[in-house]
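Remarks on the structure that follows.
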Amino acid sequence: MLRAESLARALLFEHKGLYFAALIAAKGLALLGMLALPGGVGRLWLELLGALASGGDIVLRLLVSSKKVPTPGKHGVDALLCALLLVDVALCGHPGAAAPEKNCRALKFVVPFATLVSIGGNLMRLDRGAPPSRTGAASHIGRDEEALAGGE
């Protein structure tokens with residue numbers, strides 16, 4: 001488990017430029033595939049790629065979090081996007097889909113919104129730095145207490 005956490009931390013914080021570029025590209029390609037391609041293999045793979053990217057991002061973020069519990073405020077949009085893409089694949093994403101056309105049209109209105117909100121959240125996370133480590137924060141607090149006490 002420790003290896004998985006260190007790998008997730010490296011992806012999310014040390015190589016975050018490449019990670020977020022790939023994540024945003026996967027979500028954008030899923031949206032493009034859904035809106036531009038008819039039901040078929042290409043659309044199916046692009047939407048599955050987007051769902052995998054969203055779900056994998058949630059897993060990586062949970063690995064580095066201290067509580068390891070998903071919350072709607074932090075993970076809700078990505079979970080919704082993953083679910084919507086999988087529903088679209090099941091209902092509309094392949095040639096043999098028997099879903100009513102109005103369901104597929106409704107998904108074409110909802111999925112772009114969820115995708116853009118998810119990408120916006122990724123861009124906000126890209127701008128943030130890594131959270132401070134607990135040991136670093138404790139030593140900083142100790143120095144502040146010394147400075148207030150006149151130790152420096």
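Residues in the structure tokens are named by chain (A, B, ... in the order shown) and by number from 1 within that chain; ligands are numbered from 1 in the order shown.
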
message: Quick one: residues within 8 Å of region 107-114 of chain A, only C-alpha atoms, excluding same-chain residues fewer than 6 positions away - as an NGL selection string?
response: :A and (31 or 34-35 or 77-78 or 80-81 or 84-85 or 88)

Save out the residues we just selected, all heavy atoms, as a tab-separated table (two decimals), in the first residue's frame.
```tsv
chain	number	residue	atom	x	y	z
A	31	LEU	N	-15.39	13.39	-24.48
A	31	LEU	CA	-16.46	14.31	-24.86
A	31	LEU	C	-16.55	14.45	-26.37
A	31	LEU	O	-17.64	14.40	-26.95
A	31	LEU	CB	-16.23	15.68	-24.21
A	31	LEU	CG	-17.25	16.75	-24.53
A	31	LEU	CD1	-18.63	16.34	-24.05
A	31	LEU	CD2	-16.84	18.07	-23.91
A	34	MET	N	-18.07	11.35	-27.85
A	34	MET	CA	-19.51	11.25	-27.61
A	34	MET	C	-20.30	12.18	-28.52
A	34	MET	O	-21.35	11.80	-29.05
A	34	MET	CB	-19.80	11.59	-26.16
A	34	MET	CG	-21.26	11.51	-25.84
A	34	MET	SD	-21.58	12.31	-24.30
A	34	MET	CE	-23.34	12.24	-24.32
A	35	LEU	N	-19.80	13.38	-28.72
A	35	LEU	CA	-20.55	14.36	-29.50
A	35	LEU	C	-20.35	14.21	-31.01
A	35	LEU	O	-21.26	14.52	-31.77
A	35	LEU	CB	-20.15	15.78	-29.08
A	35	LEU	CG	-20.52	16.17	-27.64
A	35	LEU	CD1	-19.98	17.55	-27.32
A	35	LEU	CD2	-22.00	16.08	-27.42
A	77	VAL	N	-18.05	15.26	-8.79
A	77	VAL	CA	-18.18	15.53	-10.23
A	77	VAL	C	-17.45	14.46	-11.04
A	77	VAL	O	-17.96	14.01	-12.07
A	77	VAL	CB	-17.65	16.94	-10.57
A	77	VAL	CG1	-17.63	17.15	-12.07
A	77	VAL	CG2	-18.51	17.98	-9.91
A	78	ASP	N	-16.28	14.04	-10.57
A	78	ASP	CA	-15.55	13.01	-11.30
A	78	ASP	C	-16.29	11.67	-11.24
A	78	ASP	O	-16.33	10.93	-12.23
A	78	ASP	CB	-14.13	12.85	-10.75
A	78	ASP	CG	-13.25	14.02	-11.15
A	78	ASP	OD1	-13.37	14.48	-12.30
A	78	ASP	OD2	-12.44	14.47	-10.33
A	80	LEU	N	-19.55	11.37	-10.93
A	80	LEU	CA	-20.71	11.56	-11.81
A	80	LEU	C	-20.31	11.43	-13.28
A	80	LEU	O	-21.00	10.76	-14.06
A	80	LEU	CB	-21.34	12.93	-11.55
A	80	LEU	CG	-22.51	13.30	-12.45
A	80	LEU	CD1	-23.70	12.40	-12.18
A	80	LEU	CD2	-22.88	14.76	-12.26
A	81	LEU	N	-19.19	12.04	-13.66
A	81	LEU	CA	-18.73	11.94	-15.04
A	81	LEU	C	-18.42	10.50	-15.41
A	81	LEU	O	-18.81	10.04	-16.49
A	81	LEU	CB	-17.49	12.82	-15.25
A	81	LEU	CG	-16.87	12.75	-16.64
A	81	LEU	CD1	-17.86	13.20	-17.71
A	81	LEU	CD2	-15.59	13.58	-16.69
A	84	LEU	N	-21.76	8.74	-15.84
A	84	LEU	CA	-22.46	9.19	-17.04
A	84	LEU	C	-21.83	8.62	-18.31
A	84	LEU	O	-22.54	8.21	-19.24
A	84	LEU	CB	-22.51	10.71	-17.12
A	84	LEU	CG	-23.45	11.41	-16.16
A	84	LEU	CD1	-23.23	12.92	-16.19
A	84	LEU	CD2	-24.90	11.07	-16.48
A	85	LEU	N	-20.51	8.60	-18.35
A	85	LEU	CA	-19.84	8.03	-19.53
A	85	LEU	C	-20.12	6.54	-19.66
A	85	LEU	O	-20.35	6.04	-20.77
A	85	LEU	CB	-18.33	8.30	-19.47
A	85	LEU	CG	-17.91	9.74	-19.73
A	85	LEU	CD1	-16.43	9.92	-19.44
A	85	LEU	CD2	-18.23	10.16	-21.16
A	88	ASP	N	-23.65	6.17	-20.90
A	88	ASP	CA	-23.72	6.48	-22.33
A	88	ASP	C	-23.16	5.34	-23.17
A	88	ASP	O	-23.71	5.02	-24.22
A	88	ASP	CB	-22.98	7.78	-22.64
A	88	ASP	CG	-23.22	8.23	-24.07
A	88	ASP	OD1	-24.36	8.61	-24.37
A	88	ASP	OD2	-22.28	8.15	-24.88
```

message: Set the distance at 10 Å and use only C-alpha atoms: which residues neighbour Leu48 (chain A) once local chain neighbours fewer than 6 positions away are removed? I'd like the list as a list in words.
response: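 The residues that qualify are Ala26, Lys27, Ala30, Gly42, Ser54, Cys82, Leu85, Leu86, Asp88, Val89 and Gly93 of chain A.
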
Write out the residues from the selection above, keeping all heavy atoms, as a PDB file, in the first residue's frame.
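See result30.pdb below for the written result:
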```pdb
ATOM      1  N   ALA A  26      -7.781  13.021 -21.918  1.00  0.00           N
ATOM      2  CA  ALA A  26      -8.656  11.844 -21.929  1.00  0.00           C
ATOM      3  C   ALA A  26     -10.117  12.246 -21.778  1.00  0.00           C
ATOM      4  O   ALA A  26     -10.999  11.734 -22.479  1.00  0.00           O
ATOM      5  CB  ALA A  26      -8.248  10.877 -20.819  1.00  0.00           C
ATOM      6  N   LYS A  27     -10.385  13.194 -20.889  1.00  0.00           N
ATOM      7  CA  LYS A  27     -11.762  13.648 -20.705  1.00  0.00           C
ATOM      8  C   LYS A  27     -12.259  14.407 -21.935  1.00  0.00           C
ATOM      9  O   LYS A  27     -13.406  14.248 -22.353  1.00  0.00           O
ATOM     10  CB  LYS A  27     -11.864  14.533 -19.459  1.00  0.00           C
ATOM     11  CG  LYS A  27     -11.665  13.760 -18.175  1.00  0.00           C
ATOM     12  CD  LYS A  27     -11.681  14.676 -16.977  1.00  0.00           C
ATOM     13  CE  LYS A  27     -11.459  13.903 -15.693  1.00  0.00           C
ATOM     14  NZ  LYS A  27     -11.494  14.783 -14.520  1.00  0.00           N
ATOM     15  N   ALA A  30     -13.027  11.926 -24.672  1.00  0.00           N
ATOM     16  CA  ALA A  30     -14.291  11.234 -24.406  1.00  0.00           C
ATOM     17  C   ALA A  30     -15.473  12.108 -24.808  1.00  0.00           C
ATOM     18  O   ALA A  30     -16.430  11.628 -25.428  1.00  0.00           O
ATOM     19  CB  ALA A  30     -14.382  10.859 -22.928  1.00  0.00           C
ATOM     20  N   GLY A  42     -14.860   3.281 -32.049  1.00  0.00           N
ATOM     21  CA  GLY A  42     -14.084   4.463 -31.696  1.00  0.00           C
ATOM     22  C   GLY A  42     -14.705   5.236 -30.550  1.00  0.00           C
ATOM     23  O   GLY A  42     -14.023   5.621 -29.597  1.00  0.00           O
ATOM     24  N   SER A  54     -11.322   9.325 -15.191  1.00  0.00           N
ATOM     25  CA  SER A  54     -12.032   9.941 -14.063  1.00  0.00           C
ATOM     26  C   SER A  54     -12.015   9.033 -12.834  1.00  0.00           C
ATOM     27  O   SER A  54     -11.733   9.488 -11.721  1.00  0.00           O
ATOM     28  CB  SER A  54     -13.477  10.243 -14.437  1.00  0.00           C
ATOM     29  OG  SER A  54     -13.528  11.261 -15.385  1.00  0.00           O
ATOM     30  N   CYS A  82     -17.751   9.786 -14.540  1.00  0.00           N
ATOM     31  CA  CYS A  82     -17.440   8.376 -14.800  1.00  0.00           C
ATOM     32  C   CYS A  82     -18.731   7.580 -15.004  1.00  0.00           C
ATOM     33  O   CYS A  82     -18.853   6.818 -15.962  1.00  0.00           O
ATOM     34  CB  CYS A  82     -16.629   7.817 -13.633  1.00  0.00           C
ATOM     35  SG  CYS A  82     -16.099   6.118 -13.833  1.00  0.00           S
ATOM     36  N   LEU A  85     -20.505   8.600 -18.353  1.00  0.00           N
ATOM     37  CA  LEU A  85     -19.840   8.033 -19.532  1.00  0.00           C
ATOM     38  C   LEU A  85     -20.124   6.542 -19.661  1.00  0.00           C
ATOM     39  O   LEU A  85     -20.352   6.040 -20.769  1.00  0.00           O
ATOM     40  CB  LEU A  85     -18.331   8.300 -19.474  1.00  0.00           C
ATOM     41  CG  LEU A  85     -17.910   9.743 -19.732  1.00  0.00           C
ATOM     42  CD1 LEU A  85     -16.428   9.918 -19.440  1.00  0.00           C
ATOM     43  CD2 LEU A  85     -18.227  10.160 -21.158  1.00  0.00           C
ATOM     44  N   LEU A  86     -20.134   5.830 -18.550  1.00  0.00           N
ATOM     45  CA  LEU A  86     -20.437   4.394 -18.606  1.00  0.00           C
ATOM     46  C   LEU A  86     -21.892   4.144 -19.003  1.00  0.00           C
ATOM     47  O   LEU A  86     -22.186   3.212 -19.760  1.00  0.00           O
ATOM     48  CB  LEU A  86     -20.113   3.733 -17.272  1.00  0.00           C
ATOM     49  CG  LEU A  86     -18.628   3.666 -16.918  1.00  0.00           C
ATOM     50  CD1 LEU A  86     -18.443   3.110 -15.516  1.00  0.00           C
ATOM     51  CD2 LEU A  86     -17.854   2.854 -17.940  1.00  0.00           C
ATOM     52  N   ASP A  88     -23.650   6.166 -20.902  1.00  0.00           N
ATOM     53  CA  ASP A  88     -23.720   6.477 -22.330  1.00  0.00           C
ATOM     54  C   ASP A  88     -23.158   5.343 -23.173  1.00  0.00           C
ATOM     55  O   ASP A  88     -23.709   5.021 -24.223  1.00  0.00           O
ATOM     56  CB  ASP A  88     -22.981   7.779 -22.640  1.00  0.00           C
ATOM     57  CG  ASP A  88     -23.218   8.228 -24.068  1.00  0.00           C
ATOM     58  OD1 ASP A  88     -24.360   8.613 -24.372  1.00  0.00           O
ATOM     59  OD2 ASP A  88     -22.278   8.152 -24.881  1.00  0.00           O
ATOM     60  N   VAL A  89     -22.083   4.729 -22.720  1.00  0.00           N
ATOM     61  CA  VAL A  89     -21.529   3.578 -23.448  1.00  0.00           C
ATOM     62  C   VAL A  89     -22.554   2.455 -23.492  1.00  0.00           C
ATOM     63  O   VAL A  89     -22.781   1.838 -24.537  1.00  0.00           O
ATOM     64  CB  VAL A  89     -20.211   3.091 -22.798  1.00  0.00           C
ATOM     65  CG1 VAL A  89     -19.841   1.706 -23.272  1.00  0.00           C
ATOM     66  CG2 VAL A  89     -19.089   4.063 -23.086  1.00  0.00           C
ATOM     67  N   GLY A  93     -23.561   4.020 -26.921  1.00  0.00           N
ATOM     68  CA  GLY A  93     -22.211   4.044 -27.468  1.00  0.00           C
ATOM     69  C   GLY A  93     -21.845   2.951 -28.440  1.00  0.00           C
ATOM     70  O   GLY A  93     -20.739   2.936 -28.949  1.00  0.00           O
TER      71      GLY A  93
END
```

task: Enumerate, as JSON, numbers by chain, the complete set of residues in chain A that a backbone-based DSSP assignment places in alpha helix (DSSP H).
output: {"A": [2, 3, 4, 5, 6, 7, 8, 9, 16, 17, 18, 19, 20, 21, 22, 23, 24, 25, 26, 27, 28, 29, 30, 31, 32, 33, 34, 35, 36, 41, 42, 43, 44, 45, 46, 47, 48, 49, 50, 51, 52, 53, 54, 55, 56, 57, 58, 59, 60, 61, 62, 63, 64, 72, 73, 74, 75, 76, 77, 78, 79, 80, 81, 82, 83, 84, 85, 86, 87, 88, 89, 90, 91, 92, 101, 102, 103, 104, 105, 106, 107, 108, 109, 110, 111, 112, 113, 114, 115, 116, 117, 118, 119, 120, 121, 122, 123, 124, 125, 126, 127, 134, 135, 136, 137, 138, 139, 140, 141, 142, 143, 144, 145, 146, 147, 148, 149]}

query: Between A:Val64, A:Ala10, A:Leu37, A:Ala22, which has the minimum distance to His94 (chain A) (counting only C-alpha atoms)?
result: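 Smallest separation from His94 (chain A) among the options: A:Leu37.
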
message: Report as a ChimeraX atom specification all protein, DNA and RNA residues lying within 12 Å of Lys74 (chain A), evaluated on only C-alpha atoms, omitting residues in the same chain fewer than 6 positions from it.
response: /A:57-58,61-62,65,68,80,118,121-122,124-125

So that I have them on file, write out the residues from the current selection with C-alpha atoms, as a PDB file, in the first residue's frame.
```pdb
ATOM      1  CA  ASP A  57      -8.108  10.032 -10.694  1.00  0.00           C
ATOM      2  CA  ILE A  58     -10.498   9.468  -7.798  1.00  0.00           C
ATOM      3  CA  ARG A  61      -6.590  11.177  -4.869  1.00  0.00           C
ATOM      4  CA  LEU A  62      -7.979   8.829  -2.224  1.00  0.00           C
ATOM      5  CA  SER A  65      -5.616  11.709   1.230  1.00  0.00           C
ATOM      6  CA  LYS A  68      -9.275   7.895   2.480  1.00  0.00           C
ATOM      7  CA  LEU A  80     -20.711  11.562 -11.810  1.00  0.00           C
ATOM      8  CA  SER A 118     -14.566  18.149 -14.021  1.00  0.00           C
ATOM      9  CA  GLY A 121     -11.698  21.202 -11.118  1.00  0.00           C
ATOM     10  CA  ASN A 122      -8.583  19.611 -12.590  1.00  0.00           C
ATOM     11  CA  MET A 124      -7.867  24.383 -10.184  1.00  0.00           C
ATOM     12  CA  ARG A 125      -5.948  21.444  -8.691  1.00  0.00           C
TER      13      ARG A 125
END
```

message: Counting only C-alpha atoms, which residue out of A:Leu116, A:Ala53, A:Leu7, A:Val69 sits closest to Phe20 (chain A)?
response: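 Among the listed residues, A:Ala53 lies closest to Phe20 (chain A).
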
message: Just checking: using only C-alpha atoms, which residue out of A:Leu63, A:Leu29, A:Leu91, A:Ala51 ends up closest to Arg9 (chain A)?
response: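 Going through A:Leu63, A:Leu29, A:Leu91, A:Ala51 one by one, the smallest distance to Arg9 (chain A) is for A:Leu63.
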
message: I'd like to know which of A:Arg105, A:Ser6, A:His15, A:Cys92 is closest to Glu47 (chain A), using only C-alpha atoms.
response: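 Among the listed residues, A:Cys92 lies closest to Glu47 (chain A).
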